[in-house]
file structure_35.txt (compact mmCIF, C-alpha atoms)
# COMPACT_ATOMS: atom_id res chain seq x y z
CA MET A 7 -59.17 -50.15 2.83
CA ASN A 8 -59.56 -47.80 5.83
CA LYS A 9 -61.13 -50.57 7.93
CA ARG A 10 -58.19 -52.85 7.23
CA MET A 11 -55.78 -50.08 8.19
CA GLN A 12 -57.63 -49.42 11.43
CA GLU A 13 -57.67 -53.13 12.28
CA SER A 14 -53.95 -53.41 11.56
CA LEU A 15 -53.27 -50.31 13.72
CA SER A 16 -55.31 -51.68 16.61
CA ILE A 17 -53.45 -55.00 16.38
CA SER A 18 -50.11 -53.24 16.25
CA LYS A 19 -51.10 -51.09 19.30
CA GLN A 20 -52.02 -54.19 21.27
CA LYS A 21 -48.76 -55.86 20.32
CA VAL A 22 -46.76 -52.79 21.35
CA MET A 23 -48.59 -52.52 24.70
CA VAL A 24 -48.08 -56.27 25.39
CA SER A 25 -44.41 -56.05 24.47
CA ASP A 26 -43.93 -52.92 26.66
CA LEU A 27 -45.64 -54.65 29.61
CA LYS A 28 -43.41 -57.72 29.16
CA LYS A 29 -40.31 -55.52 29.11
CA MET A 30 -41.46 -53.67 32.23
CA LYS A 31 -42.12 -56.98 34.03
CA LYS A 32 -38.68 -58.22 33.06
CA SER A 33 -37.09 -54.98 34.21
CA LEU A 34 -38.70 -55.23 37.68
CA PRO A 35 -36.47 -56.80 40.36
CA LYS A 36 -37.19 -60.15 41.95
CA VAL A 37 -37.21 -58.69 45.45
CA ARG A 38 -40.49 -56.94 46.08
CA PHE A 39 -39.38 -53.64 47.59
CA GLN A 40 -35.92 -53.17 46.02
CA LEU A 41 -35.13 -51.49 42.67
CA PRO A 42 -31.76 -50.81 41.00
CA LYS A 43 -30.36 -47.34 41.59
CA TYR A 44 -30.58 -46.21 37.92
CA LYS A 45 -34.42 -46.78 38.07
CA GLN A 46 -34.98 -45.16 41.47
CA ILE A 47 -36.55 -41.70 41.52
CA ALA A 48 -35.54 -40.66 45.04
CA ASP A 49 -32.19 -41.11 46.74
CA TYR A 50 -31.57 -42.68 50.13
CA ASN A 51 -28.82 -40.32 51.20
CA VAL A 52 -30.99 -37.24 51.62
CA LYS A 53 -29.93 -34.62 54.12
CA LYS A 54 -32.47 -33.32 56.62
CA ILE A 55 -33.31 -29.76 55.72
CA ASP A 56 -36.09 -27.35 56.44
CA PRO A 57 -39.14 -28.37 54.32
CA GLU A 58 -40.36 -24.79 54.04
CA SER A 59 -37.09 -23.66 52.37
CA CYS A 60 -37.39 -26.37 49.68
CA VAL A 61 -40.86 -25.50 48.44
CA VAL A 62 -40.71 -25.41 44.64
CA PRO A 63 -43.69 -24.08 42.68
CA GLY A 64 -45.36 -26.83 40.68
CA LEU A 65 -43.80 -29.69 42.71
CA LYS A 66 -46.26 -32.34 43.92
CA THR A 67 -46.01 -34.94 46.65
CA ILE A 68 -47.58 -38.34 47.00
CA CYS A 69 -50.40 -36.89 49.12
CA ASP A 70 -51.44 -34.62 46.20
CA VAL A 71 -51.89 -37.72 44.06
CA ASP A 72 -53.21 -40.15 46.68
CA HIS A 73 -54.89 -38.52 49.71
CA THR A 74 -55.39 -41.85 51.47
CA PHE A 75 -51.78 -42.99 51.20
CA TYR A 76 -51.00 -42.45 54.88
CA LYS A 77 -54.55 -43.27 56.09
CA ILE A 78 -55.17 -46.78 54.75
CA ILE A 79 -53.09 -49.54 56.25
CA GLU A 80 -53.86 -52.09 53.51
CA GLY A 81 -50.76 -53.29 51.70
CA ARG A 82 -48.39 -51.95 54.35
CA PRO A 83 -46.23 -54.07 56.59
CA ILE A 84 -47.58 -54.14 60.14
CA ARG A 85 -45.17 -52.81 62.65
CA GLN A 86 -43.73 -55.42 64.87
CA PHE A 87 -41.83 -55.01 68.01
CA ILE A 88 -38.52 -54.75 66.26
CA ASP A 89 -36.06 -52.02 65.52
CA VAL A 90 -37.43 -48.66 64.30
CA LYS A 91 -34.82 -48.46 61.55
CA VAL A 92 -36.12 -51.69 59.95
CA TYR A 93 -39.66 -50.32 59.98
CA MET A 94 -38.55 -47.05 58.45
CA ARG A 95 -36.56 -48.87 55.76
CA ASN A 96 -39.62 -51.03 54.88
CA LEU A 97 -41.84 -47.95 54.75
CA ARG A 98 -39.31 -46.11 52.53
CA ASP A 99 -39.04 -49.10 50.16
CA ILE A 100 -42.81 -49.27 49.77
CA THR A 101 -42.97 -45.53 49.05
CA LEU A 102 -40.23 -45.72 46.45
CA TYR A 103 -41.84 -48.76 44.84
CA ARG A 104 -45.17 -46.94 44.47
CA ALA A 105 -43.39 -43.86 43.04
CA ASN A 106 -41.60 -46.02 40.47
CA THR A 107 -44.87 -47.74 39.50
CA ALA A 108 -46.48 -44.33 39.03
CA TYR A 109 -43.55 -43.25 36.80
CA ILE A 110 -43.91 -46.42 34.68
CA ASN A 111 -47.70 -45.87 34.39
CA ASP A 112 -46.99 -42.32 33.14
CA GLN A 113 -44.65 -43.72 30.48
CA ILE A 114 -47.36 -46.19 29.39
CA ILE A 115 -49.88 -43.33 29.07
CA GLN A 116 -47.38 -41.33 26.96
CA ILE A 117 -46.86 -44.35 24.69
CA ASP A 118 -50.63 -44.69 24.20
CA THR A 119 -51.00 -40.99 23.32
CA ASN A 120 -48.07 -41.16 20.87
CA ILE A 121 -49.58 -44.23 19.19
CA ALA A 122 -52.91 -42.38 18.79
CA ASP A 123 -51.20 -39.36 17.20
CA GLU A 124 -49.19 -41.57 14.88
CA SER A 125 -52.31 -43.49 13.83
CA LYS A 126 -54.02 -40.20 12.88
CA LEU A 127 -50.97 -39.14 10.85
CA TYR A 128 -50.84 -42.58 9.21
CA ASP A 129 -54.54 -42.30 8.19
CA GLU A 130 -53.88 -38.90 6.61
CA ILE A 131 -50.87 -40.26 4.70
CA ILE A 132 -52.91 -43.25 3.42
CA ALA A 133 -55.69 -40.90 2.22
CA LEU A 134 -53.20 -38.65 0.43
CA TYR A 135 -51.53 -41.69 -1.16
CA ASN A 136 -54.88 -43.02 -2.49
CA GLU A 137 -55.77 -39.60 -3.90
CA THR A 138 -52.35 -39.29 -5.56
CA THR A 139 -52.60 -42.76 -7.17
CA THR A 140 -56.06 -42.03 -8.61
CA ASN A 141 -54.90 -38.69 -10.01
CA PHE A 142 -51.81 -40.32 -11.53
CA PHE A 143 -53.85 -43.04 -13.28
CA ASN A 144 -56.23 -40.40 -14.66
CA PHE A 145 -53.30 -38.34 -15.93
CA VAL A 146 -51.72 -41.38 -17.62
CA ARG A 147 -55.04 -42.31 -19.28
CA GLU A 148 -55.55 -38.80 -20.64
CA THR A 149 -51.99 -38.26 -21.89
CA TYR A 150 -51.77 -41.65 -23.62
CA ASP A 151 -54.36 -40.65 -26.28
CA ASN A 152 -52.60 -37.35 -26.96
CA ALA A 153 -49.25 -39.11 -27.21
CA LYS A 154 -50.62 -41.59 -29.79
CA LYS A 155 -51.97 -38.72 -31.91
CA VAL A 156 -48.63 -36.92 -31.77
CA GLN A 157 -46.82 -40.14 -32.70
CA ASP A 158 -49.03 -40.70 -35.79
CA CYS A 159 -48.50 -37.08 -36.89
CA ALA A 160 -44.72 -37.45 -36.39
CA GLU A 161 -44.63 -40.63 -38.54
CA ILE A 162 -46.49 -38.83 -41.38
CA LYS A 163 -44.15 -35.84 -41.19
CA SER A 164 -41.08 -38.09 -41.14
CA ALA A 165 -42.29 -39.81 -44.36
CA GLU A 166 -42.80 -36.41 -45.99
CA LEU A 167 -39.35 -35.33 -44.80
CA ASN A 168 -37.73 -38.42 -46.34
CA ASP A 169 -39.35 -37.60 -49.70
CA MET A 170 -38.11 -34.02 -49.49
CA MET A 171 -34.59 -35.23 -48.60
CA LYS A 172 -34.54 -37.44 -51.72
CA GLN A 173 -35.59 -34.45 -53.87
CA LEU A 174 -32.94 -32.30 -52.17
CA ASP A 175 -30.24 -34.91 -52.89
CA GLY A 176 -31.16 -34.90 -56.60
CA LEU A 177 -31.18 -31.11 -56.79
CA SER A 178 -27.87 -30.90 -54.94
CA PHE A 179 -26.30 -33.35 -57.43
CA VAL A 180 -27.52 -31.20 -60.33
CA HIS A 181 -26.27 -28.06 -58.58
CA VAL A 182 -22.80 -29.53 -58.01
CA HIS A 183 -22.60 -30.65 -61.68
CA LEU A 184 -23.58 -27.19 -62.93
CA ASN A 185 -21.25 -25.46 -60.49
CA ASN A 186 -18.31 -27.61 -61.68
CA ARG A 187 -19.07 -26.77 -65.31
CA ILE A 188 -19.27 -23.07 -64.47
CA LEU A 189 -15.94 -23.20 -62.63
CA SER A 190 -14.26 -25.05 -65.51
CA LEU A 191 -15.58 -22.45 -67.96
CA ALA A 192 -14.41 -19.66 -65.65
CA SER A 193 -10.90 -21.19 -65.40
CA SER A 194 -10.61 -21.59 -69.17
CA PHE A 195 -11.91 -18.05 -69.64
CA GLY A 196 -9.38 -16.84 -67.09
CA THR A 197 -6.48 -18.40 -69.00
CA LEU A 198 -7.75 -16.86 -72.24
CA PHE A 199 -8.20 -13.53 -70.48
CA ARG A 200 -4.61 -13.63 -69.16
CA TYR A 201 -3.39 -14.50 -72.66
CA SER A 202 -5.29 -11.54 -74.14
CA LYS A 203 -3.82 -9.31 -71.46
CA PHE A 204 -0.32 -10.59 -72.32
CA ILE A 205 -0.89 -9.86 -76.01
CA HIS A 206 -2.17 -6.42 -75.08
CA GLU A 207 0.97 -5.75 -73.03
CA ILE A 208 3.40 -6.78 -75.84
CA SER A 209 1.48 -4.67 -78.35
CA PRO A 210 2.85 -1.19 -79.24
CA ILE A 211 2.28 1.61 -76.77
CA TRP A 212 0.35 3.78 -79.23
CA TRP A 213 -2.07 0.91 -79.79
CA GLN A 214 -2.40 0.32 -76.00
CA ASN A 215 -3.25 4.00 -75.47
CA ARG A 216 -5.86 3.86 -78.20
CA ASN A 217 -7.43 0.56 -77.10
CA ASP A 218 -7.50 0.54 -73.30
CA VAL A 219 -8.52 -2.67 -71.49
CA SER A 220 -10.45 -1.71 -68.32
CA ASN A 221 -12.27 -4.97 -67.51
CA SER A 222 -9.34 -6.97 -66.21
CA VAL A 223 -9.90 -6.14 -62.55
CA ASP A 224 -13.64 -6.66 -62.84
CA PHE A 225 -13.13 -10.14 -64.25
CA PHE A 226 -11.02 -11.34 -61.31
CA LYS A 227 -13.59 -9.94 -58.87
CA VAL A 228 -16.27 -11.90 -60.75
CA ILE A 229 -14.22 -15.10 -60.43
CA GLU A 230 -14.04 -14.64 -56.65
CA GLU A 231 -17.79 -14.08 -56.48
CA VAL A 232 -18.49 -17.22 -58.56
CA GLU A 233 -16.44 -19.38 -56.16
CA SER A 234 -18.70 -18.31 -53.26
CA ASN A 235 -21.64 -20.28 -54.82
CA THR A 236 -24.38 -17.72 -54.24
CA VAL A 237 -27.27 -16.61 -56.43
CA GLU A 238 -26.01 -13.04 -56.48
CA SER A 239 -22.56 -14.18 -57.72
CA ILE A 240 -24.11 -16.10 -60.62
CA ARG A 241 -26.15 -13.04 -61.59
CA ILE A 242 -22.98 -10.85 -61.52
CA TYR A 243 -21.18 -13.45 -63.68
CA ARG A 244 -24.02 -13.45 -66.26
CA ASP A 245 -24.19 -9.65 -66.38
CA PHE A 246 -20.41 -9.47 -66.84
CA PHE A 247 -20.52 -11.66 -69.96
CA LYS A 248 -23.48 -9.71 -71.36
CA THR A 249 -21.80 -6.32 -70.96
CA ASN A 250 -18.29 -7.51 -72.01
CA LYS A 251 -17.41 -6.52 -75.56
CA LYS A 252 -15.42 -8.50 -78.06
CA PRO A 253 -11.68 -7.83 -77.49
CA LYS A 254 -9.64 -6.04 -80.14
CA LEU A 255 -6.44 -7.66 -81.43
CA CYS A 256 -3.33 -5.86 -82.59
CA PHE A 257 -1.66 -8.99 -83.91
CA LYS A 258 -4.00 -10.76 -86.29
CA LYS A 259 -1.33 -13.04 -87.78
CA PRO A 260 1.04 -15.41 -86.03
CA GLN A 261 4.06 -14.16 -88.03
CA THR A 262 3.90 -10.79 -86.28
CA LEU A 263 3.94 -12.51 -82.90
CA MET A 264 6.90 -14.64 -83.93
CA ARG A 265 8.75 -11.53 -85.04
CA ILE A 266 8.07 -9.86 -81.69
CA PHE A 267 9.14 -12.96 -79.74
CA ASP A 268 12.36 -13.05 -81.82
CA ASN A 269 13.05 -9.42 -80.92
CA ILE A 270 12.34 -10.16 -77.23
CA SER A 271 14.74 -13.14 -77.26
CA ARG A 272 17.48 -11.02 -78.83
CA GLN A 273 16.91 -8.36 -76.22
CA CYS A 274 17.17 -10.94 -73.49
CA LEU A 275 20.43 -12.27 -75.03
CA ASN A 276 21.80 -8.74 -75.05
CA TYR A 277 20.86 -8.34 -71.39
CA MET A 278 22.62 -11.60 -70.53
CA GLN A 279 25.82 -10.46 -72.32
CA ILE A 280 25.75 -7.16 -70.45
CA GLU A 281 25.21 -8.97 -67.17
CA ASN A 282 28.15 -11.33 -67.89
CA TYR A 283 30.42 -8.38 -68.71
CA SER A 284 29.33 -6.43 -65.62
CA ALA A 285 29.78 -9.47 -63.36
CA ARG A 286 33.55 -9.47 -64.10
CA ILE A 287 33.71 -5.83 -63.01
CA LEU A 288 31.43 -6.25 -59.97
CA LYS A 289 33.26 -9.30 -58.57
CA PRO A 290 36.41 -7.39 -57.35
CA VAL A 291 34.19 -4.54 -56.23
CA LEU A 292 32.14 -6.90 -54.08
CA ARG A 293 35.34 -8.51 -52.73
CA ALA A 294 36.70 -5.07 -51.80
CA ARG A 295 33.35 -4.22 -50.26
CA ASP A 296 33.53 -7.30 -48.03
CA GLN A 297 37.08 -6.41 -46.97
CA LEU A 298 36.09 -2.82 -46.22
CA GLU A 299 33.08 -4.09 -44.29
CA SER A 300 35.32 -6.31 -42.12
CA VAL A 301 37.74 -3.41 -41.55
CA ILE A 302 34.90 -1.08 -40.66
CA LEU A 303 33.48 -3.67 -38.27
CA SER A 304 36.86 -4.10 -36.54
CA GLU A 305 37.27 -0.33 -36.25
CA ALA A 306 33.73 -0.06 -34.97
CA ASN A 307 34.52 -2.66 -32.29
CA GLU A 308 37.62 -0.69 -31.31
CA VAL A 309 35.59 2.52 -31.16
CA THR A 310 32.93 0.84 -29.04
CA GLY A 311 35.68 -0.40 -26.69
CA LEU A 312 37.08 3.12 -26.41
CA ILE A 313 33.59 4.50 -25.81
CA GLU A 314 33.01 1.99 -23.04
CA TYR A 315 36.43 2.80 -21.51
CA TYR A 316 35.73 6.54 -21.56
CA GLU A 317 32.24 5.93 -20.20
CA THR A 318 33.75 4.09 -17.23
CA GLN A 319 36.31 6.88 -16.79
CA VAL A 320 33.57 9.54 -16.93
CA LYS A 321 31.50 7.56 -14.44
CA TRP A 322 34.51 7.24 -12.11
CA MET A 323 35.21 11.00 -12.43
CA GLU A 324 31.56 11.76 -11.68
CA GLU A 325 31.74 9.59 -8.55
CA LYS A 326 34.95 11.35 -7.49
CA GLU A 327 33.34 14.72 -8.19
CA ALA A 328 30.39 13.80 -6.00
CA GLU A 329 32.75 12.60 -3.25
CA TYR A 330 34.88 15.76 -3.43
CA THR A 331 31.81 18.03 -3.46
CA ALA A 332 30.51 16.22 -0.35
CA LYS A 333 33.86 16.71 1.39
CA PHE A 334 34.01 20.34 0.28
CA ASN A 335 30.50 21.02 1.59
CA LYS A 336 31.42 19.28 4.84
CA LEU A 337 34.51 21.45 5.25
CA LEU A 338 32.57 24.54 4.24
CA PHE A 339 29.80 24.00 6.74
CA THR A 340 31.99 22.70 9.61
CA LYS A 341 35.58 23.91 9.67
CA PHE A 342 35.16 27.03 7.56
CA HIS A 343 32.04 27.96 9.50
CA GLU A 344 33.86 27.45 12.80
CA LEU A 345 36.82 29.54 11.64
CA TYR A 346 35.02 32.42 9.91
CA ALA A 347 31.29 32.41 10.64
CA SER A 348 30.89 30.95 14.13
CA TYR A 349 30.01 32.88 17.28
CA ASP A 350 33.57 32.65 18.66
CA ALA A 351 35.10 33.91 15.39
CA THR A 352 32.72 36.88 15.18
CA LYS A 353 33.34 37.63 18.86
CA LEU A 354 37.12 37.50 18.32
CA PHE A 355 36.81 39.79 15.31
CA THR A 356 34.73 42.34 17.24
CA CYS A 357 37.20 42.24 20.16
CA ILE A 358 40.21 42.70 17.88
CA GLN A 359 38.44 45.49 16.01
CA TYR A 360 37.51 47.19 19.31
CA ILE A 361 41.14 46.98 20.57
CA HIS A 362 42.51 48.12 17.23
CA CYS A 363 40.23 51.18 17.17
CA HIS A 364 41.15 52.15 20.75
CA LEU A 365 44.87 51.58 20.33
CA PHE A 366 45.29 53.41 17.06
CA ASP A 367 42.40 55.89 17.57
CA VAL A 368 40.79 55.09 14.19
CA PRO A 369 37.08 54.71 13.34
CA VAL A 370 35.43 51.35 12.58
CA ASP A 371 36.01 50.39 8.93
CA PRO A 372 33.76 47.74 7.29
CA LYS A 373 36.76 46.66 5.21
CA ASP A 374 38.79 45.69 8.28
CA ASN A 375 40.50 42.32 8.19
CA ILE A 376 41.70 40.18 11.09
CA THR A 377 45.14 39.63 9.58
CA THR A 378 45.82 43.32 8.97
CA MET A 379 44.50 44.34 12.40
CA MET A 380 46.53 41.63 14.18
CA LEU A 381 49.60 42.60 12.16
CA ASN A 382 49.24 46.20 13.35
CA ILE A 383 48.71 45.07 16.94
CA GLU A 384 51.76 42.75 16.77
CA LYS A 385 53.90 45.57 15.38
CA LEU A 386 52.77 47.84 18.24
CA PHE A 387 53.43 45.03 20.76
CA ILE A 388 56.95 44.49 19.40
CA LYS A 389 57.60 48.21 19.47
CA LEU A 390 56.41 48.52 23.09
CA THR A 391 58.34 45.45 24.24
CA SER A 392 61.48 46.81 22.61
CA ARG A 393 60.97 50.10 24.51
CA LEU A 394 60.35 48.19 27.76
CA ASP A 395 63.57 46.29 27.28
CA GLN A 396 65.44 49.59 27.08
CA MET A 397 63.94 50.78 30.43
CA ASN A 398 64.95 49.79 33.99
CA GLN A 399 63.72 46.24 34.74
CA ASN A 400 63.26 46.82 38.48
CA VAL A 401 60.81 49.59 37.82
CA ILE A 402 58.98 47.40 35.31
CA LYS A 403 58.73 44.54 37.81
CA LYS A 404 57.28 46.87 40.46
CA VAL A 405 54.70 48.15 37.99
CA GLU A 406 53.75 44.58 36.98
CA HIS A 407 53.49 43.61 40.66
CA GLU A 408 51.18 46.56 41.39
CA ILE A 409 49.02 45.82 38.35
CA PHE A 410 48.74 42.08 39.13
CA SER A 411 48.04 42.80 42.82
CA SER A 412 45.26 45.19 41.92
CA ASP A 413 43.82 42.54 39.57
CA ILE A 414 44.02 39.94 42.33
CA ARG A 415 42.24 42.23 44.74
CA MET A 416 39.50 42.86 42.23
CA MET A 417 39.10 39.11 41.64
CA LYS A 418 38.89 38.42 45.38
CA ARG A 419 36.29 41.12 45.78
CA ALA A 420 34.34 39.61 42.91
CA VAL A 421 34.43 36.14 44.50
CA LYS A 422 33.34 37.60 47.84
CA ALA A 423 30.55 39.53 46.19
CA GLN A 424 29.37 36.35 44.45
CA ARG A 425 29.37 34.42 47.72
CA SER A 426 27.46 37.20 49.53
CA LEU A 427 24.95 37.38 46.68
CA LYS A 428 24.38 33.64 46.94
CA GLU A 429 23.88 33.87 50.70
CA PHE A 430 21.47 36.76 50.19
CA ASP A 431 19.38 34.66 47.76
CA ILE A 432 19.25 31.75 50.22
CA LEU A 433 18.21 34.06 53.08
CA LYS A 434 15.57 35.71 50.91
CA LYS A 435 14.02 32.35 49.94
CA SER A 436 13.98 31.15 53.55
CA LEU A 437 12.28 34.38 54.74
CA ILE A 438 9.63 34.11 51.99
CA ALA A 439 9.01 30.45 52.86
CA SER A 440 8.64 31.29 56.57
CA PHE A 441 5.92 33.88 55.92
CA GLU A 442 3.99 31.69 53.49
CA PRO A 443 1.11 29.39 54.68
CA PRO A 444 1.91 25.69 55.12
CA ARG A 445 1.61 23.59 51.96
CA ASN A 446 0.18 20.45 53.61
CA LYS A 447 -3.51 21.11 54.28
CA HIS A 448 -5.02 19.10 57.16
CA LYS A 449 -8.64 18.06 57.08
CA LYS A 450 -10.90 19.43 59.73
CA ASN A 451 -12.41 16.87 62.08
call {"tool": "encode", "arguments": {"input": "structure_35.txt", "output": "structure tokens"}}
result
Amino acid sequence: MNKRMQESLSISKQKVMVSDLKKMKKSLPKVRFQLPKYKQIADYNVKKIDPESCVVPGLKTICDVDHTFYKIIEGRPIRQFIDVKVYMRNLRDITLYRANTAYINDQIIQIDTNIADESKLYDEIIALYNETTTNFFNFVRETYDNAKKVQDCAEIKSAELNDMMKQLDGLSFVHVHLNNRILSLASSFGTLFRYSKFIHEISPIWWQNRNDVSNSVDFFKVIEEVESNTVESIRIYRDFFKTNKKPKLCFKKPQTLMRIFDNISRQCLNYMQIENYSARILKPVLRARDQLESVILSEANEVTGLIEYYETQVKWMEEKEAEYTAKFNKLLFTKFHELYASYDATKLFTCIQYIHCHLFDVPVDPKDNITTMMLNIEKLFIKLTSRLDQMNQNVIKKVEHEIFSSDIRMMKRAVKAQRSLKEFDILKKSLIASFEPPRNKHKKN
């Protein structure tokens, strides 16, 4: 197997190498020293620069590969007595052609190395595949015997299971038959038990108190347990019938029962007559009740309408109250404050109080009021003006002229003093600024 694989690999390698060589030969140009630009390594339009500045570490030239490239003349075109540019172009074409051939040889070497690596990997894969196939066949051979044994055992167990299923079907049929019989007996016993309870209830009270029936609730619980179809329920049912005693009967003859039923029917007839008589009385009462109910409902609707109306009125009044309180607070904190609690009002009050105290020679009273003080001042002013009217007006005019002239002189002196004070401040600031050092500091050279 391995020999065949190696032979096939060697054949495939040879085919690949032959095909690559054919492609390379096809890709070469027909002209000997010309290649297409996309296969050229170097470029013709190379600027002349300093070779020492372009030294790159690890870069090799053609002389590093072939030391005799510029020494052996074989294969080169011999220089003829023609233009130097033609010789240089031929020399450059030969150099480029050899560089391209070296590049293609390097690609061929890389292809050979890759083929060798792939052949090694292929051999490893083939070995792993052979090992896996042998292990798989061994596993299948070993598991087949075990599977056959398990299959035979499963067939035997399935036959046994079928036999057990047939037995289970028979037992289930018997169980259903017995369960139906037990339920039919329980239903018939339940009807008889209800009948005995009815007879016990129509019996006299003194006999009921003497012979109390306390197993009625237990019987119905037993019926519920029997319907659940469990072993425990059947045991409870059996124990109930063992412990249950024979019921005692108050009416041992049917005539007594007939007499009681006759009395019950008469009582029912009496109840029907009473109900018929009371229906005639209750009919107008019910009619009046319906009328009163309609009246009450209409009045209730009217009351609800009034309640809603008053609720809207109360809401509107509350909104107005809030609006009026806001306006009142605004007036209180603005106008009232300006008139009674502001700085100007307090200043006016103090001035009036000061004048009032000096005019009337009275002490300061904490109970003083602006209206009373101004009333007193106005009365004094009216009194004085009335006296002035009685005096000579020429004298009064002279006195007013003297007073106003003195006031004017004082005002002029005040204005002059203010102007001189301002000039003094300006002169003081200029003198201080002249004795201070200059603010702009110059750097020393």
call {"tool": "atom_distance", "arguments": {"input": "structure_35.txt", "atom1": "CA of Phe257 (chain A)", "atom2": "CA of Ile208 (chain A)"}}
result
9.8 Å
call {"tool": "atom_distance", "arguments": {"input": "structure_35.txt", "atom1": "CA of Ser190 (chain A)", "atom2": "CA of Cys256 (chain A)"}}
result
27.9 Å
call {"tool": "closest_residue", "arguments": {"input": "structure_35.txt", "among": "A:His362, A:Ser194, A:Lys258, A:Phe199", "to": "Leu381 (chain A)", "atoms": "only C-alpha atoms"}}
result
A:His362
call {"tool": "closest_residue", "arguments": {"input": "structure_35.txt", "among": "A:Lys341, A:Lys154, A:Arg147, A:Lys254", "to": "Ile205 (chain A)", "atoms": "only C-alpha atoms"}}
result
A:Lys254
call {"tool": "atom_distance", "arguments": {"input": "structure_35.txt", "atom1": "CA of Gln113 (chain A)", "atom2": "CA of Leu127 (chain A)"}}
result
21.1 Å
call {"tool": "closest_residue", "arguments": {"input": "structure_35.txt", "among": "A:Val320, A:Leu288, A:Leu354, A:Ile414", "to": "Met379 (chain A)", "atoms": "only C-alpha atoms"}}
result
A:Leu354
call {"tool": "residues_around", "arguments": {"input": "structure_35.txt", "residues": "region 363-377 of chain A", "least_positions_apart": "6", "cutoff": "10 Å", "atoms": "only C-alpha atoms", "output": "list in words"}}
result
Leu354, Phe355, Thr356, Cys357, Ile383 and Leu386 of chain A
